Amino acid sequence: MNKDIYPFYQAEDDFLYFFVSSGIKGDIQKAVVISDVPDSSNYPSDSVYNLGFGDVVAVSSSWILDDSPRSGNGDMPKVIATVALIAMDFLREHPWALLSLEGYVDEKSALQGKNHRNILYQRAIDSNWAELSTEFRFWGVKSGKTEDYIVGNQYDRILVNFK
Amino acid sequence: MANFNRDHLMRTFMEKHKETDYEARLEELLKNKEKIYEAIKNSPFLKRKNEEAAASLAKLPRPFPWEKEKSEKSV
């Protein structure tokens, strides 16, 4: 992806990535964590991974990953492009994995019936579709149905694996 | 020509400065990376996200498209 992105750091042997968003409100520490989806008798989960992303927030001598804020740092496209690049890097390193992405639905998104973070993820995917679709396979989940990803369609969840 | 060189040098210097500055901030964040990872790994946030993903995937009709492709390939 030839987009403007933040350099990121991958914690050794872990599926945890860090970067710093630098914008109009200053520096905001961000993390992306990729973890395997818990066991379930309904589907084979051994290769399904979930992507979580948010602000690293210090709370009483510990840290939390808060996926709820709209940071308003003026750099959302750059932040989302960085998250998308991290996801693609992960899949290149783990070609057997299926990655599941769903953005946080905040109050505004819920009111409008739209998942704004998904819209941004999809914007990053759609604008790089020619390049990404040669290397990765995408599916979209909408209203409980999985279909081959169609550029421009809006999905509740995005699933992607390495071809 | 002299102006171009000066501008170019200034831009390069500013870019280098920005990079160094960014690296310093990332370094600051990474100082506690092990502790942060431990905290996040065991956080209710991650548990909730994974449970949501599991619940959402469990509701989808089977077989999944990627399972179908796998079984077609193996025939």
# chains A, B, ... in the order shown; residues from 1 in each chain; ligands from 1

call {"tool": "interface_residues", "arguments": {"of": "chain A", "to": "chain B", "cutoff": "9 Å", "atoms": "only C-alpha atoms", "output": "PyMOL selection string"}}
result
chain A and resi 7-9+11+14+16+18-20+22+27+29+33+35-43+45+49-52+56+62-67+100-102+139+141+144-148+157+161

call {"tool": "residues_around", "arguments": {"residues": "Gln154 of chain A", "least_positions_apart": "6", "cutoff": "8 Å", "atoms": "only C-alpha atoms", "output": "tab-separated table (two decimals) with C-alpha atoms, in the first residue's frame"}}
result
chain	number	residue	atom	x	y	z
A	119	ILE	CA	-16.08	2.33	6.66
A	122	GLN	CA	-12.99	-0.53	3.83
A	142	LYS	CA	-23.49	-8.51	6.20

call {"tool": "atom_distance", "arguments": {"atom1": "atom CA of Leu98 of chain A", "atom2": "atom CA of Met76 of chain A"}}
result
25.1 Å

call {"tool": "select_by_dssp", "arguments": {"residues": "segment 5-157 of chain A", "states": "strand (DSSP E)", "output": "PyMOL selection string"}}
result
chain A and resi 9-10+16-23+26-36+48-59+62-66+98-101+136-142+145-148+157

call {"tool": "atom_distance", "arguments": {"atom1": "atom CA of Gly103 of chain A", "atom2": "atom CA of Tyr121 of chain A"}}
result
8.0 Å

call {"tool": "residues_around", "arguments": {"residues": "segment 73-75 of chain A", "least_positions_apart": "2", "cutoff": "7 Å", "atoms": "only C-alpha atoms", "output": "MDAnalysis selection string"}}
result
chainID A and resid 23:25 71 77:79

call {"tool": "atom_distance", "arguments": {"atom1": "atom CA of Asp89 of chain A", "atom2": "atom CA of Arg70 of chain A"}}
result
25.1 Å

call {"tool": "closest_residue", "arguments": {"among": "A:His94, A:His116, A:Lys163, A:Arg137", "to": "Ile34 of chain A", "atoms": "only C-alpha atoms"}}
result
A:His94
